[in-house]
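> First the structure, then my questions, so here it is.
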Amino acid sequence: MSTMTNELFAAAERTLHASGSKPKDAAAVVAKLESEHGVVCTVEGGLLTMTQNGAPASVGTILSAFKAKNPRDFYGEAGSVSYKSDLDGDTAAKSRFVAEHGFDAWNALPLNEKSVGAQHVPNATIPHAGMKRSEYQRLTVPEKSKLAGEVGAKGIDRILGRR
């Protein structure tokens, strides 16, 4: 197991970026490769090299296989998405998910595993023009859209102005 030096970190980051991948944490990728797959990463001439079981290994092959099995370790990769929290902090992956599946599919996802089907729970507040800002913020997107169609932009501005 190699020690993560600045030189190794920089070489790993350069190699990952050159392969078209933007890792969320290059050091974590290297550590995972070493601990879970027996890959030893080193630097030769400023470039990342890898050995596996004592034999030289193809950096490109290992990185593409790793990325395919661990898509959430990279920005812009969604993998399978079950909850909105699966894509926390990765706007590129969120945009990609919405582009591929549509906004309705994104809107239908529960926030996290603790709120299974949370969006489908009926809201106790009935949308109306006299509601407060805090009540309005608890509405779902479809409820907000319907209310906006009924009261207009000025009506929504009045709702948002109420405490």
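By convention here, the chains of the structure tokens are called A, B, ... in the order presented, each chain's residues are numbered starting at 1, and ligands are numbered starting at 1 in the order presented.
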Report as a ChimeraX atom specification all protein, DNA and RNA residues lying within 9 Å of segment 30-40 of chain A, evaluated on only C-alpha atoms, omitting residues in the same chain fewer than 5 positions from it.

/A:1-2,4,9,12,25,49-54,57,62,66

> Give the strand (DSSP E or B) residues of chain A, as assigned by DSSP on the backbone, as a ChimeraX atom specification.

/A:23,39-44,47-52,55-57,74

> With distances taken over only C-alpha atoms, which of A:Val43, A:Ala28, A:Pro23, A:Ser134 is nearest to Thr5 of chain A?

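Nearest to Thr5 of chain A: A:Val43.
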
> Of the candidates A:Ala129, A:Ala93, A:Ala11, A:Val81, which one gets nearest to Pro110 of chain A if we count only C-alpha atoms?

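Among the listed residues, A:Val81 lies closest to Pro110 of chain A.
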
> Please list as a list in words every residue within 10 Å of Ser64 of chain A, counting only C-alpha atoms and excluding residues in the same chain fewer than 4 positions away.

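Final neighbour list, sorted by chain and number: Leu16, Ser19, Gly20, Ser21, Val59, Gly60, Ala68, Lys69 and Asn70 of chain A.
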
> Please identify which residues in chain A DSSP calls alpha helix (DSSP H) from the backbone, and express them as an MDAnalysis selection string.

chainID A and resid 6:18 26:37 59:69 91:101 103:108 133:137 141:161

> To one decimal place, how far is atom CA of Ile159 of chain A from atom CA of Thr91 of chain A in Å?

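Spanning atom CA of Ile159 of chain A to atom CA of Thr91 of chain A is a straight-line distance of 29.1 Å.
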